[in-house]
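Participant: Below is the file model.cif, with mmCIF, C-alpha atoms; chains and numbers go by the auth columns.
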```cif
data_final
loop_
_atom_site.group_PDB
_atom_site.id
_atom_site.type_symbol
_atom_site.label_atom_id
_atom_site.label_comp_id
_atom_site.label_asym_id
_atom_site.label_seq_id
_atom_site.Cartn_x
_atom_site.Cartn_y
_atom_site.Cartn_z
_atom_site.B_iso_or_equiv
_atom_site.auth_seq_id
_atom_site.auth_asym_id
ATOM 1 C CA MET A 1 88.519 89.489 78.551 0.00 840 A
ATOM 2 C CA PRO A 2 85.413 88.797 80.670 0.00 841 A
ATOM 3 C CA LEU A 3 83.817 85.360 80.566 0.00 842 A
ATOM 4 C CA TYR A 4 80.631 86.826 79.103 0.00 843 A
ATOM 5 C CA ASN A 5 82.549 87.729 75.927 0.00 844 A
ATOM 6 C CA HIS A 6 83.237 84.047 75.228 0.00 845 A
ATOM 7 C CA PRO A 7 80.603 81.941 73.437 0.00 846 A
ATOM 8 C CA LEU A 8 79.446 78.790 75.228 0.00 847 A
ATOM 9 C CA PRO A 9 81.471 76.385 73.008 0.00 848 A
ATOM 10 C CA SER A 10 84.599 78.390 73.868 0.00 849 A
ATOM 11 C CA LEU A 11 83.867 78.130 77.611 0.00 850 A
ATOM 12 C CA GLU A 12 83.239 74.394 77.263 0.00 851 A
ATOM 13 C CA LEU A 13 86.541 73.935 75.430 0.00 852 A
ATOM 14 C CA TRP A 14 88.307 75.962 78.126 0.00 853 A
ATOM 15 C CA LEU A 15 86.873 73.736 80.882 0.00 854 A
ATOM 16 C CA ALA A 16 87.871 70.613 78.946 0.00 855 A
ATOM 17 C CA ASP A 17 91.401 72.023 78.536 0.00 856 A
ATOM 18 C CA LEU A 18 91.540 72.438 82.337 0.00 857 A
ATOM 19 C CA GLY A 19 90.792 68.716 82.618 0.00 858 A
ATOM 20 C CA ALA A 20 87.116 68.993 83.514 0.00 859 A
ATOM 21 C CA VAL A 21 84.662 66.393 82.238 0.00 860 A
ATOM 22 C CA GLN A 22 81.144 67.353 81.216 0.00 861 A
ATOM 23 C CA ARG A 23 78.458 65.188 82.857 0.00 862 A
ATOM 24 C CA GLY A 24 76.385 64.875 79.698 0.00 863 A
ATOM 25 C CA ALA A 25 76.248 66.175 76.143 0.00 864 A
ATOM 26 C CA HIS A 26 74.083 69.157 77.079 0.00 865 A
ATOM 27 C CA SER A 27 74.870 69.422 80.778 0.00 866 A
ATOM 28 C CA CYS A 28 75.924 72.616 82.492 0.00 867 A
ATOM 29 C CA LEU A 29 77.747 70.521 85.136 0.00 868 A
ATOM 30 C CA TRP A 30 81.411 69.647 84.906 0.00 869 A
ATOM 31 C CA ASP A 31 83.649 67.569 87.192 0.00 870 A
ATOM 32 C CA LEU A 32 87.277 68.496 87.792 0.00 871 A
ATOM 33 C CA SER A 33 89.708 66.445 89.880 0.00 872 A
ATOM 34 C CA THR A 34 93.303 66.947 90.913 0.00 873 A
ATOM 35 C CA ALA A 35 95.488 64.915 93.243 0.00 874 A
ATOM 36 C CA ALA A 36 94.540 67.267 96.104 0.00 875 A
ATOM 37 C CA TRP A 37 90.822 67.946 95.544 0.00 876 A
ATOM 38 C CA SER A 38 87.758 67.435 93.372 0.00 877 A
ATOM 39 C CA ALA A 39 85.234 70.041 92.285 0.00 878 A
ATOM 40 C CA GLU A 40 81.926 70.437 90.523 0.00 879 A
ATOM 41 C CA ILE A 41 81.675 73.382 88.145 0.00 880 A
ATOM 42 C CA GLU A 42 78.309 74.715 87.041 0.00 881 A
ATOM 43 C CA LEU A 43 77.753 77.144 84.200 0.00 882 A
ATOM 44 C CA GLY A 44 74.756 79.006 85.594 0.00 883 A
ATOM 45 C CA VAL A 45 72.647 81.801 84.186 0.00 884 A
ATOM 46 C CA GLU A 46 74.173 84.562 86.332 0.00 885 A
ATOM 47 C CA ASP A 47 77.568 83.117 87.263 0.00 886 A
ATOM 48 C CA LEU A 48 79.953 80.182 87.216 0.00 887 A
ATOM 49 C CA SER A 49 79.755 78.183 90.471 0.00 888 A
ATOM 50 C CA VAL A 50 82.450 75.918 91.852 0.00 889 A
ATOM 51 C CA ARG A 51 81.894 73.438 94.684 0.00 890 A
ATOM 52 C CA TRP A 52 84.961 71.711 96.086 0.00 891 A
ATOM 53 C CA GLY A 53 84.659 68.651 98.328 0.00 892 A
ATOM 54 C CA ALA A 54 81.544 66.890 99.538 0.00 893 A
ATOM 55 C CA GLY A 55 79.127 66.872 102.458 0.00 894 A
ATOM 56 C CA SER A 56 79.724 69.271 105.322 0.00 895 A
ATOM 57 C CA ASP A 57 83.287 69.915 104.087 0.00 896 A
ATOM 58 C CA ARG A 58 81.980 71.456 100.863 0.00 897 A
ATOM 59 C CA VAL A 59 83.263 74.900 99.883 0.00 898 A
ATOM 60 C CA GLN A 60 81.314 76.858 97.272 0.00 899 A
ATOM 61 C CA ARG A 61 82.207 80.010 95.363 0.00 900 A
ATOM 62 C CA GLN A 62 80.409 81.935 92.633 0.00 901 A
ATOM 63 C CA PHE A 63 82.295 83.822 89.956 0.00 902 A
ATOM 64 C CA PRO A 64 80.388 86.451 87.937 0.00 903 A
ATOM 65 C CA TYR A 65 80.787 86.247 84.181 0.00 904 A
ATOM 66 C CA GLY A 66 82.242 89.757 84.314 0.00 905 A
ATOM 67 C CA LEU A 67 85.522 88.357 85.668 0.00 906 A
ATOM 68 C CA SER A 68 88.299 87.456 83.278 0.00 907 A
ATOM 69 C CA ARG A 69 88.839 83.861 82.266 0.00 908 A
ATOM 70 C CA ALA A 70 92.389 84.019 83.642 0.00 909 A
ATOM 71 C CA ASP A 71 91.175 85.199 87.065 0.00 910 A
ATOM 72 C CA VAL A 72 88.474 82.509 87.268 0.00 911 A
ATOM 73 C CA GLU A 73 90.926 79.827 86.128 0.00 912 A
ATOM 74 C CA SER A 74 93.434 80.870 88.805 0.00 913 A
ATOM 75 C CA ALA A 75 90.734 80.772 91.480 0.00 914 A
ATOM 76 C CA ILE A 76 89.457 77.362 90.411 0.00 915 A
ATOM 77 C CA LEU A 77 92.907 75.791 90.234 0.00 916 A
ATOM 78 C CA ALA A 78 93.934 77.272 93.584 0.00 917 A
ATOM 79 C CA GLY A 79 91.385 74.923 95.143 0.00 918 A
ATOM 80 C CA PRO A 80 89.263 75.356 98.239 0.00 919 A
#
```
Before anything else, please render the file you have as structure tokens.
Facilitator:
Amino acid sequence: MPLYNHPLPSLELWLADLGAVQRGAHSCLWDLSTAAWSAEIELGVEDLSVRWGAGSDRVQRQFPYGLSRADVESAILAGP
């Protein structure tokens, strides 16, 4: 099922279940860390953006809301 078929509270719960932490009560930014990497996830208007790393070593990817939640989850957890 595409991400756009999920209401915002469902997407927020999904990110929390992945281990991401929302930056504020109404923030669209989430932080996710594993032993190997850290990432910033942004729920944007047109897509979900993920930025792994920091500075010049930063890798960024955008995932359209038309992709399935499973596919986006796999891509996020695969890391940079």
Participant: When you count all atoms listed in the file, which of these residues is closest to A:Phe902: A:Leu882, A:Leu887, A:Cys867, A:Ile915?
Facilitator: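 Checking each candidate against A:Phe902, we get A:Leu887 as the closest.
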Participant: Skip A:Ala878 itself and residues of its chain fewer than 2 positions away, then list as a list in words all residues within 9 Å of it, counting only C-alpha atoms.
Facilitator: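 Answer for this query is Trp869, Asp870, Leu871, Ser872, Thr873, Trp876, Ile880, Val889, Arg890, Trp891, Gly892, Ala893, Ile915, Gly918 and Pro919 of chain A.
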Participant: With C-alpha atoms retained, could you export that selection as a PDB file, keeping the file's coordinate frame?
Facilitator:
```pdb
ATOM      1  CA  TRP A 869      81.411  69.647  84.906  1.00  0.00           C
ATOM      2  CA  ASP A 870      83.649  67.569  87.192  1.00  0.00           C
ATOM      3  CA  LEU A 871      87.277  68.496  87.792  1.00  0.00           C
ATOM      4  CA  SER A 872      89.708  66.445  89.880  1.00  0.00           C
ATOM      5  CA  THR A 873      93.303  66.947  90.913  1.00  0.00           C
ATOM      6  CA  TRP A 876      90.822  67.946  95.544  1.00  0.00           C
ATOM      7  CA  ILE A 880      81.675  73.382  88.145  1.00  0.00           C
ATOM      8  CA  VAL A 889      82.450  75.918  91.852  1.00  0.00           C
ATOM      9  CA  ARG A 890      81.894  73.438  94.684  1.00  0.00           C
ATOM     10  CA  TRP A 891      84.961  71.711  96.086  1.00  0.00           C
ATOM     11  CA  GLY A 892      84.659  68.651  98.328  1.00  0.00           C
ATOM     12  CA  ALA A 893      81.544  66.890  99.538  1.00  0.00           C
ATOM     13  CA  ILE A 915      89.457  77.362  90.411  1.00  0.00           C
ATOM     14  CA  GLY A 918      91.385  74.923  95.143  1.00  0.00           C
ATOM     15  CA  PRO A 919      89.263  75.356  98.239  1.00  0.00           C
TER      16      PRO A 919
END
```
Participant: Let me have the centre and edge lengths in Å, one decimal, of the box along x, y and z around every listed atom of stretch 873-882 of chain A with 8 Å of margin on each side, as JSON.
Facilitator:
```
{"center_x": 86.6, "center_y": 71.0, "center_z": 90.2, "size_x": 33.7, "size_y": 28.2, "size_z": 27.9}
```
Participant: Could you expand the PyMOL selection byres ((chain A and resi 840) around 12) into the explicit residues it covers here, written as a list in words?
Facilitator: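 This file, filtered by the PyMOL selection byres ((chain A and resi 840) around 12), leaves Pro841, Leu842, Tyr843, Asn844, His845, Tyr904, Gly905, Leu906, Ser907, Arg908, Ala909, Asp910 and Val911 of chain A.
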Participant: Rank A:Gln899, A:Leu854, A:Glu912, A:Glu881 by their smallest atom-to-atom distance to A:Ser866, using all atoms listed in the file, and report the top residue only.
Facilitator: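 Residue with the minimum atom-to-atom distance to A:Ser866: A:Glu881.
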Participant: Between A:Ser877, A:Ser895, A:Ala917, A:Gly883, single out the one closest to A:Ala859, counting only C-alpha atoms.
Facilitator: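 Counting only C-alpha atoms, the residue closest to A:Ala859 is A:Ser877.
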Participant: Figure out the distance between atom CA of A:Val898 and atom CA of A:Ser849, please, to one decimal in Å.
Facilitator: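 Here the two named atoms are 26.3 Å from each other.
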Participant: Between atom CA of A:Asp886 and atom CA of A:Gln901, what is the spacing in Å?
Facilitator: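 Here the two named atoms are 6.2 Å from each other.
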Participant: Could you tell me how far atom CA of A:Val884 sits from atom CA of A:Leu847, in Å to one decimal place?
Facilitator: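 Separation between atom CA of A:Leu847 and atom CA of A:Val884: 11.6 Å.
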